[in-house]
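These notes are about the structure you will find just below.
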Amino acid sequence: MGGAYLIKVHCMIRRHSFPYLTHYAHHLIKPLLGYHRLWAHRSYNAGPAMSFVLALLGAGAVEGSIKWWSRGHRAHHRWTDTEKDPYSAHRGLFFSHLGWMLIKRPGWKIGHADVDDLNKNKLVQWQHKNYLALIFLMGVVFPTAVAGLGWGDWRGGYFYAAILRLVFVHHATFCVNSLAHWLGEGPFDDRHSPRDHFITAFMTLGEGYHNFHHQFPQDYRNAIRFYQYDPTKWVIATCAFFRLASHLKTFPENEVRKGQLQMIEKRVLEKKTKLQWGTPIADLPVMSFEDYHHACKNDNKKWILLEGVVYDVAEFMSEHPGGEKYLKMGIGKDMTAAFNGGMYDHSNAARNLLSLMRVAVVEFGGEVEAQKKNPSIPVYGDDHAKAA
Ligand code: HEM
């Protein structure tokens, strides 16, 4: 008995899954196209026919009227992650997903958002006034009738296209407030919770590039690269092609790149702070060339002067890949030229090694200054022939 029932369900799913899946995608995309990108963010303009269809089908998603939804969404953008954010991700994954609907909060606790433009919009006002009738018509009657009249499956239409579809569509759109603030990375700004991730994008038909979206909310795209999954953007672009939509807004690539590069810089900086870079040159004590020279000659310091900075090579001398001899020869002298190609043009790695050996800076900088001050001071070159 149970087995026969399962087989029947299986056959039904096989027979009707395509139209129901299409129906699901279409019911999900309508609120995203209309409520989110058209009315909440005004990321493009829609002609009267398209606006009307979006208002009707958007009501069928049973997520509130355009006005109510957009007000909440604009507040979410303005007050992201704060107490006044209606779906604050900081209150946990469950709260941002659907907990916010279960907890009764006085209206003043939710941050203010300007919806004057929507108050002036006749279609939005009409949908708001007739919302209850529209959700019954578009949320239940319409999908049931499509399946019933389309392929004679009234019961399937009611259960799959109306009720089950509502559950899926609700959870998918709720993921924009929950999963998209939890899973992934913040390539444009990581001060707040919105994140970019393909999985969220897949589940929400493109809304998962949420970090980008919170940075550039008026951009009609959520995904900016051709390989990223954003069917809602594709539908808007197609509508624009057929002149149903116009004035698609995009942020200048220059501004988008700036944010990305700043985040890359920030991450590089974070990694850099985990390494040792030696005492910054600005924090080193200053000494005269004579003092440097004197310390090496009389105090047995194993110091070398390069580009105006004194380095202690005592421990490194025996490790020097070029041999100990060259470093010994350089002690107490200015070896800038030798280090930079006069003898051997050192690598970046050699320069990095140097940073940990800093001792002091020499007044007036490098060898030229030193030579000018005291031409009798030996620099590299005088005894080069002897060393070689
Ligand atoms: C504290 C200062 C110095 C450091 C940290 C240093 C470090 C190094 C390092 C890491 C190398 C391996 C190749 C490379 O990375 O470029 C190298 C090679 C070499 N260095 Fe130095 N060096 C210093 C000073 C000098 C001076 C003053 C001379 C010459 C008077 C010199 C002559 C050479 C030569 C000839 C080689 C080539 C070795 C070979 O590949 O056969 N170095 N040095």
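Chain lettering (A, B, ...) mirrors the order of the structure tokens, residue numbering begins at 1 for each chain separately, and ligand numbering begins at 1 in order of display.
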- Query: Residues of stretch 42-136 of chain A in alpha helix (DSSP H) according to DSSP, as a PyMOL selection string?
  - Reply: chain A and resi 48-59+66-78+93-94+100-102+116-119+122-129+131-134
Go ahead and dump the residues you just picked, N, CA and C atoms, as a CSV table (one decimal), in the first residue's frame.
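Okay, this is what ended up in selection_6.csv:
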```
chain,number,residue,atom,x,y,z
A,48,PRO,N,5.0,50.2,-18.1
A,48,PRO,CA,3.8,50.0,-17.3
A,48,PRO,C,3.4,48.5,-17.4
A,49,ALA,N,3.5,47.8,-18.5
A,49,ALA,CA,3.1,46.4,-18.6
A,49,ALA,C,3.9,45.6,-17.7
A,50,MET,N,5.2,45.7,-17.8
A,50,MET,CA,6.1,44.9,-17.0
A,50,MET,C,5.9,45.2,-15.5
A,51,SER,N,5.7,46.5,-15.1
A,51,SER,CA,5.5,46.8,-13.7
A,51,SER,C,4.3,46.1,-13.2
A,52,PHE,N,3.2,46.1,-14.0
A,52,PHE,CA,1.9,45.6,-13.6
A,52,PHE,C,2.1,44.1,-13.4
A,53,VAL,N,2.7,43.4,-14.3
A,53,VAL,CA,2.9,41.9,-14.2
A,53,VAL,C,3.8,41.6,-13.0
A,54,LEU,N,4.8,42.4,-12.8
A,54,LEU,CA,5.7,42.2,-11.6
A,54,LEU,C,4.9,42.4,-10.3
A,55,ALA,N,4.1,43.4,-10.3
A,55,ALA,CA,3.3,43.7,-9.1
A,55,ALA,C,2.4,42.6,-8.8
A,56,LEU,N,1.7,42.0,-9.8
A,56,LEU,CA,0.8,40.9,-9.6
A,56,LEU,C,1.5,39.6,-9.2
A,57,LEU,N,2.6,39.3,-9.9
A,57,LEU,CA,3.3,38.0,-9.6
A,57,LEU,C,4.0,38.2,-8.3
A,58,GLY,N,4.5,39.4,-8.0
A,58,GLY,CA,5.2,39.6,-6.8
A,58,GLY,C,4.3,39.3,-5.6
A,59,ALA,N,3.1,39.7,-5.7
A,59,ALA,CA,2.1,39.5,-4.7
A,59,ALA,C,1.9,38.0,-4.4
A,66,ILE,N,4.5,45.5,-2.0
A,66,ILE,CA,5.8,46.1,-2.4
A,66,ILE,C,6.2,47.1,-1.4
A,67,LYS,N,5.3,47.9,-0.9
A,67,LYS,CA,5.6,49.0,0.0
A,67,LYS,C,6.1,48.5,1.3
A,68,TRP,N,5.5,47.5,1.8
A,68,TRP,CA,5.9,46.9,3.1
A,68,TRP,C,7.3,46.3,3.0
A,69,TRP,N,7.4,45.5,1.9
A,69,TRP,CA,8.7,44.8,1.7
A,69,TRP,C,9.9,45.7,1.5
A,70,SER,N,9.6,46.7,0.6
A,70,SER,CA,10.7,47.6,0.2
A,70,SER,C,11.1,48.5,1.4
A,71,ARG,N,10.1,48.8,2.3
A,71,ARG,CA,10.5,49.6,3.4
A,71,ARG,C,11.4,48.8,4.3
A,72,GLY,N,11.1,47.6,4.6
A,72,GLY,CA,11.9,46.7,5.4
A,72,GLY,C,13.3,46.5,4.8
A,73,HIS,N,13.3,46.3,3.5
A,73,HIS,CA,14.6,46.1,2.8
A,73,HIS,C,15.5,47.3,2.8
A,74,ARG,N,14.9,48.5,2.6
A,74,ARG,CA,15.7,49.7,2.6
A,74,ARG,C,16.2,49.9,4.0
A,75,ALA,N,15.4,49.6,5.0
A,75,ALA,CA,15.9,49.7,6.4
A,75,ALA,C,17.0,48.8,6.7
A,76,HIS,N,16.9,47.6,6.1
A,76,HIS,CA,18.0,46.6,6.3
A,76,HIS,C,19.3,47.1,5.7
A,77,HIS,N,19.2,47.8,4.5
A,77,HIS,CA,20.4,48.3,3.9
A,77,HIS,C,21.0,49.5,4.7
A,78,ARG,N,20.1,50.3,5.2
A,78,ARG,CA,20.6,51.5,5.9
A,78,ARG,C,21.2,51.2,7.2
A,93,LEU,N,21.8,33.3,12.8
A,93,LEU,CA,21.4,32.8,11.5
A,93,LEU,C,19.8,32.6,11.5
A,94,PHE,N,19.3,32.0,12.6
A,94,PHE,CA,17.9,31.7,12.6
A,94,PHE,C,17.1,33.0,12.6
A,100,TRP,N,13.0,36.8,12.7
A,100,TRP,CA,12.5,38.2,12.7
A,100,TRP,C,11.0,38.3,12.6
A,101,MET,N,10.4,37.3,11.9
A,101,MET,CA,9.0,37.4,11.7
A,101,MET,C,8.2,36.9,12.9
A,102,LEU,N,8.9,36.0,13.7
A,102,LEU,CA,8.2,35.4,14.9
A,102,LEU,C,8.3,36.3,16.1
A,116,ASP,N,9.2,57.5,0.3
A,116,ASP,CA,8.3,58.6,-0.3
A,116,ASP,C,8.0,58.3,-1.8
A,117,ASP,N,9.0,57.8,-2.5
A,117,ASP,CA,8.8,57.5,-3.9
A,117,ASP,C,7.8,56.5,-4.1
A,118,LEU,N,7.7,55.5,-3.2
A,118,LEU,CA,6.8,54.4,-3.4
A,118,LEU,C,5.4,54.9,-3.0
A,119,ASN,N,5.3,55.8,-2.0
A,119,ASN,CA,4.0,56.4,-1.6
A,119,ASN,C,3.4,57.2,-2.8
A,122,LYS,N,1.4,55.0,-8.0
A,122,LYS,CA,0.0,54.6,-8.0
A,122,LYS,C,-0.1,53.1,-8.0
A,123,LEU,N,0.7,52.4,-8.8
A,123,LEU,CA,0.6,51.0,-8.9
A,123,LEU,C,1.0,50.3,-7.5
A,124,VAL,N,2.0,50.9,-6.9
A,124,VAL,CA,2.5,50.4,-5.6
A,124,VAL,C,1.3,50.6,-4.6
A,125,GLN,N,0.7,51.7,-4.6
A,125,GLN,CA,-0.4,52.0,-3.7
A,125,GLN,C,-1.6,51.1,-3.9
A,126,TRP,N,-1.9,50.8,-5.2
A,126,TRP,CA,-3.0,50.0,-5.6
A,126,TRP,C,-2.7,48.5,-5.1
A,127,GLN,N,-1.5,48.1,-5.3
A,127,GLN,CA,-1.1,46.7,-4.9
A,127,GLN,C,-1.2,46.6,-3.3
A,128,HIS,N,-0.8,47.7,-2.6
A,128,HIS,CA,-0.8,47.7,-1.2
A,128,HIS,C,-2.2,47.6,-0.7
A,129,LYS,N,-3.1,48.3,-1.3
A,129,LYS,CA,-4.5,48.3,-0.8
A,129,LYS,C,-5.2,47.0,-1.1
A,131,TYR,N,-3.8,44.1,-1.4
A,131,TYR,CA,-2.8,43.0,-1.2
A,131,TYR,C,-3.5,41.7,-0.8
A,132,LEU,N,-4.4,41.7,0.1
A,132,LEU,CA,-5.0,40.4,0.6
A,132,LEU,C,-5.7,39.6,-0.5
A,133,ALA,N,-6.4,40.4,-1.3
A,133,ALA,CA,-7.1,39.7,-2.5
A,133,ALA,C,-6.1,39.2,-3.5
A,134,LEU,N,-5.0,40.0,-3.7
A,134,LEU,CA,-4.0,39.6,-4.7
A,134,LEU,C,-3.3,38.3,-4.3
```
Report as a PDB file with N, CA and C atoms, in the first residue's frame which protein, DNA and RNA residues come within 6 Å of ligand 1, using only C-alpha atoms and all ligand atoms.
```pdb
ATOM      1  N   VAL A 313      76.160  42.692  10.704  1.00  0.00           N
ATOM      2  CA  VAL A 313      76.265  41.431   9.961  1.00  0.00           C
ATOM      3  C   VAL A 313      77.027  40.355  10.746  1.00  0.00           C
ATOM      4  N   HIS A 320      76.773  34.164   4.650  1.00  0.00           N
ATOM      5  CA  HIS A 320      76.629  34.931   3.397  1.00  0.00           C
ATOM      6  C   HIS A 320      76.898  34.055   2.171  1.00  0.00           C
ATOM      7  N   PRO A 321      75.906  33.922   1.272  1.00  0.00           N
ATOM      8  CA  PRO A 321      76.086  33.033   0.115  1.00  0.00           C
ATOM      9  C   PRO A 321      77.267  33.444  -0.766  1.00  0.00           C
ATOM     10  N   GLY A 322      77.606  34.711  -0.725  1.00  0.00           N
ATOM     11  CA  GLY A 322      78.737  35.178  -1.542  1.00  0.00           C
ATOM     12  C   GLY A 322      80.076  34.962  -0.869  1.00  0.00           C
ATOM     13  N   TYR A 326      83.763  38.896   1.563  1.00  0.00           N
ATOM     14  CA  TYR A 326      83.216  40.169   1.066  1.00  0.00           C
ATOM     15  C   TYR A 326      82.623  41.008   2.183  1.00  0.00           C
ATOM     16  N   LEU A 327      81.993  40.345   3.097  1.00  0.00           N
ATOM     17  CA  LEU A 327      81.378  41.112   4.181  1.00  0.00           C
ATOM     18  C   LEU A 327      82.450  41.657   5.122  1.00  0.00           C
ATOM     19  N   GLY A 330      83.800  44.698   3.902  1.00  0.00           N
ATOM     20  CA  GLY A 330      82.904  45.861   3.889  1.00  0.00           C
ATOM     21  C   GLY A 330      82.714  46.507   5.252  1.00  0.00           C
ATOM     22  N   MET A 335      79.127  50.277   1.504  1.00  0.00           N
ATOM     23  CA  MET A 335      79.176  49.251   0.454  1.00  0.00           C
ATOM     24  C   MET A 335      77.980  49.344  -0.501  1.00  0.00           C
ATOM     25  N   ALA A 338      78.771  48.416  -4.136  1.00  0.00           N
ATOM     26  CA  ALA A 338      79.131  46.999  -4.279  1.00  0.00           C
ATOM     27  C   ALA A 338      77.892  46.122  -4.172  1.00  0.00           C
ATOM     28  N   PHE A 339      77.024  46.455  -3.216  1.00  0.00           N
ATOM     29  CA  PHE A 339      75.805  45.663  -2.977  1.00  0.00           C
ATOM     30  C   PHE A 339      74.833  45.774  -4.156  1.00  0.00           C
ATOM     31  N   MET A 343      79.689  44.936  -7.196  1.00  0.00           N
ATOM     32  CA  MET A 343      80.298  43.614  -7.029  1.00  0.00           C
ATOM     33  C   MET A 343      79.289  42.530  -7.414  1.00  0.00           C
ATOM     34  N   TYR A 344      78.081  42.744  -6.912  1.00  0.00           N
ATOM     35  CA  TYR A 344      77.009  41.777  -7.224  1.00  0.00           C
ATOM     36  C   TYR A 344      75.660  42.479  -7.014  1.00  0.00           C
ATOM     37  N   HIS A 346      72.320  42.386  -5.805  1.00  0.00           N
ATOM     38  CA  HIS A 346      71.592  41.500  -4.887  1.00  0.00           C
ATOM     39  C   HIS A 346      70.099  41.430  -5.180  1.00  0.00           C
ATOM     40  N   SER A 347      69.551  40.285  -4.787  1.00  0.00           N
ATOM     41  CA  SER A 347      68.121  40.031  -5.038  1.00  0.00           C
ATOM     42  C   SER A 347      67.243  40.729  -4.003  1.00  0.00           C
ATOM     43  N   ALA A 349      65.371  39.111  -2.083  1.00  0.00           N
ATOM     44  CA  ALA A 349      65.487  38.280  -0.876  1.00  0.00           C
ATOM     45  C   ALA A 349      66.624  38.798  -0.003  1.00  0.00           C
ATOM     46  N   ALA A 350      67.717  39.226  -0.639  1.00  0.00           N
ATOM     47  CA  ALA A 350      68.845  39.752   0.125  1.00  0.00           C
ATOM     48  C   ALA A 350      68.444  41.034   0.844  1.00  0.00           C
ATOM     49  N   LEU A 353      66.384  40.190   3.816  1.00  0.00           N
ATOM     50  CA  LEU A 353      67.249  39.717   4.916  1.00  0.00           C
ATOM     51  C   LEU A 353      67.839  40.894   5.674  1.00  0.00           C
ATOM     52  N   LEU A 354      68.227  41.894   4.893  1.00  0.00           N
ATOM     53  CA  LEU A 354      68.852  43.080   5.466  1.00  0.00           C
ATOM     54  C   LEU A 354      67.976  43.743   6.527  1.00  0.00           C
TER      55      LEU A 354
END
```
Stretch 80-161 of chain A residues near stretch 175-199 of chain A within 7 Å, closest pair each, using only C-alpha atoms, as JSON lines:
```
{"residue": "A:Asp81", "atom": "CA", "partner": "A:His192", "partner_atom": "CA", "distance": 6.8}
{"residue": "A:Tyr87", "atom": "CA", "partner": "A:Asn177", "partner_atom": "CA", "distance": 6.5}
{"residue": "A:Ala89", "atom": "CA", "partner": "A:His181", "partner_atom": "CA", "distance": 6.3}
{"residue": "A:Leu93", "atom": "CA", "partner": "A:Ser178", "partner_atom": "CA", "distance": 5.6}
{"residue": "A:Ser96", "atom": "CA", "partner": "A:Ser178", "partner_atom": "CA", "distance": 4.9}
{"residue": "A:His97", "atom": "CA", "partner": "A:Ser178", "partner_atom": "CA", "distance": 4.7}
```
Next, the residues of the selection above should be written as a JSON list (two decimals), in the first residue's frame with C-alpha atoms.
```
[["chain", "number", "residue", "atom", "x", "y", "z"],
["A", 81, "ASP", "CA", 23.92, 44.62, 11.31],
["A", 87, "TYR", "CA", 16.85, 41.10, 9.86],
["A", 89, "ALA", "CA", 22.59, 38.91, 10.96],
["A", 93, "LEU", "CA", 21.36, 32.78, 11.49],
["A", 96, "SER", "CA", 17.93, 36.63, 10.12],
["A", 97, "HIS", "CA", 16.28, 33.76, 8.25]]
```
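Excluding A:His247 itself and any same-chain residue fewer than 6 positions from it, the protein and nucleic acid residues within 9 Å of it, counting only C-alpha atoms, are A:Ser43, A:Tyr44, A:Asn45, A:Ala46, A:Ala240.
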- Note on the structure: Using only C-alpha atoms, the best pick from A:Ala314, A:Cys239, A:Leu166, A:Leu33 as closest to A:Asn300 would be A:Ala314
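The shortest atom-to-atom distance to A:Tyr227, with only C-alpha atoms taken into account, belongs to A:Gly206 out of A:Gly206, A:Lys297, A:Ser355, A:Gly150.
Going from atom CA of A:Tyr35 to atom CA of A:Val167 covers 18.2 Å.
If only C-alpha atoms are the atoms counted, then among A:Gln228, A:Phe95, A:Thr144, A:Phe364 the closest residue to A:Phe202 is A:Gln228.
For A:Pro217, the set of protein, DNA and RNA residues having any atom at most 10 Å away, when counting only C-alpha atoms and skipping those fewer than 5 positions along the same chain, is His36, Arg37, Ala40, His41, Arg42, Ser43, Arg74, His77, His210, Asn211, Phe212, Asn222, Lys249, Thr250 and Phe251 of chain A.
Taking stretch 254-334 of chain A and asking which residues DSSP calls strand (DSSP E) on the backbone, you get Val286, Met287, Trp303, Ile304, Leu305, Leu306, Val309, Val310, Tyr311 and Asp312 of chain A.
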Just write the chosen residues, N, CA and C atoms, as a PDB file, in the first residue's frame.
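Written file, selection-v6.pdb:
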```pdb
ATOM      1  N   VAL A 286      70.098  57.914  14.841  1.00  0.00           N
ATOM      2  CA  VAL A 286      70.915  58.524  13.786  1.00  0.00           C
ATOM      3  C   VAL A 286      72.355  58.656  14.310  1.00  0.00           C
ATOM      4  N   MET A 287      73.336  58.308  13.498  1.00  0.00           N
ATOM      5  CA  MET A 287      74.736  58.497  13.896  1.00  0.00           C
ATOM      6  C   MET A 287      75.508  59.121  12.735  1.00  0.00           C
ATOM      7  N   TRP A 303      79.681  45.997  11.502  1.00  0.00           N
ATOM      8  CA  TRP A 303      78.628  46.772  10.855  1.00  0.00           C
ATOM      9  C   TRP A 303      79.018  47.105   9.415  1.00  0.00           C
ATOM     10  N   ILE A 304      77.966  47.164   8.570  1.00  0.00           N
ATOM     11  CA  ILE A 304      78.166  47.536   7.163  1.00  0.00           C
ATOM     12  C   ILE A 304      77.186  48.649   6.826  1.00  0.00           C
ATOM     13  N   LEU A 305      77.616  49.604   6.039  1.00  0.00           N
ATOM     14  CA  LEU A 305      76.720  50.712   5.658  1.00  0.00           C
ATOM     15  C   LEU A 305      76.248  50.525   4.217  1.00  0.00           C
ATOM     16  N   LEU A 306      74.912  50.494   4.058  1.00  0.00           N
ATOM     17  CA  LEU A 306      74.325  50.372   2.711  1.00  0.00           C
ATOM     18  C   LEU A 306      73.213  51.407   2.575  1.00  0.00           C
ATOM     19  N   VAL A 309      72.025  53.210   5.633  1.00  0.00           N
ATOM     20  CA  VAL A 309      71.571  52.465   6.808  1.00  0.00           C
ATOM     21  C   VAL A 309      72.690  51.526   7.268  1.00  0.00           C
ATOM     22  N   VAL A 310      72.870  51.466   8.592  1.00  0.00           N
ATOM     23  CA  VAL A 310      73.922  50.610   9.147  1.00  0.00           C
ATOM     24  C   VAL A 310      73.316  49.242   9.501  1.00  0.00           C
ATOM     25  N   TYR A 311      74.000  48.174   9.075  1.00  0.00           N
ATOM     26  CA  TYR A 311      73.517  46.815   9.347  1.00  0.00           C
ATOM     27  C   TYR A 311      74.550  46.044  10.158  1.00  0.00           C
ATOM     28  N   ASP A 312      74.059  45.266  11.120  1.00  0.00           N
ATOM     29  CA  ASP A 312      74.944  44.431  11.923  1.00  0.00           C
ATOM     30  C   ASP A 312      75.012  43.042  11.271  1.00  0.00           C
TER      31      ASP A 312
END
```
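Here atom CA of A:Lys328 stands at a distance of 11.0 Å from atom CA of A:Lys301.
Counting from atom CA of A:Ala201, the distance to atom CA of A:Gln215 is 16.4 Å.
Comparing A:Ser246, A:Arg257, A:Tyr158, A:Gly332 by their smallest distance to A:Asn298, the closest is A:Gly332 (using only C-alpha atoms).
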- With distances taken over only C-alpha atoms, which of A:Pro252, A:Pro280, A:Gly111, A:Gly308 is nearest to A:Gln218? A:Pro252
